[in-house]
Structures are given as structure tokens and as C-alpha cells.
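Participant: Below is a structure I'd like to ask you about.
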Amino acid sequence: MRIFMFILGSVLLMSCKEQMNSSREQSVEDHLTNGEWRLVSSDTEFRRFQNGLKFSADKQVFNIDSQGRIVSPSHERIYTISADTLKIVDYKYEEAFLFREGTDILIIEELTDDEMVLQVIYPEGPNKLYFENLK
């Protein structure tokens, strides 16, 4: 009986922890999709996206040009959030080169309604990117 109670308690604890993680990821996604993010500065030159990003609710990422307009690509770019990690995959590359050429892995260091700070891990890391929200 004690073992059953211990297992039941462990399952409840794990489910609560998972629910907290998913609500945090939803909060991060809400911040990302709320507005357009202009790249203000970076520690070193960053060429993967020069002007900014727009995140949509359907997990797509779009570039922003220098005037703040969305640039629609001819291919799909998808983002995923896992804890504090933002992963952007650009599907314009063949499957063999997808990770090496088309994947950006970034750590979300700070995210508010007005600003976002990302630490680049892959492929052009280490580098810190500073964004401001245009809306």
C-alpha cells in the first residue's frame, strides 16, 4: 500500500511539473508572437537575419526588412520552444544539410513585452542578440 501511495504521489508531482513547464513555454510563445522583433545590436556581426523577425501563432518565422515590413519566403521556417531554448529551422536546405546550414539554436536570456535578448549557440555562436519590439 505504501508503494502504491508513493507511486501515485510521484505521478502527481511529475504531472504538475510538466503542466508548469508547458504554461511557461506558452507564455514565452505569447511574448514572441506579440509584435515584430527588430534586431537592435549584437556582440559580433550576425548574418542569419540582419533586420528582425516576426513569429506567427502557427510556429512560422518571417524576416523583417529595414522598414519593418514582413518578407514572405518561398520556403517554410519553423520555430520550436523547449524550456529556454528557441530553435529555428529553415527548410530551404536539403535534408542532408538541414541541421548544418538551416538550423539556428538560441537561448532566451530575457523576454519582455518590449525587449528580447538571445544568446546564439549554433551555428554562429557565441553571440548575443538584442531585439526591440516594434509594436
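Ligands are numbered from 1 in the order shown, residues from 1 within each chain, and chains are lettered A, B, ... in the order they appear in the C-alpha cells.
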Can you pull out every residue within 12 Å of A:Leu53, counting only C-alpha atoms, but drop anything in the same chain fewer than 2 positions away, and send it as a VMD selection string?

Facilitator: chain A and resid 32 to 40 48 to 51 55 to 56 60 to 66 68 to 72 77 79 88 116 129 to 134

Participant: Using DSSP on the backbone, list every residue of chain A that comes out as strand (DSSP E or B), and give them as a ChimeraX atom specification.

Facilitator: /A:36-42,52-55,60-64,70-71,77-82,85-90,103-111,115-122,127-133

Participant: Write down as a PyMOL selection string the residues of chain A whose backbone DSSP state falls under alpha helix (DSSP H).

Facilitator: chain A and resi 2-33+98-102
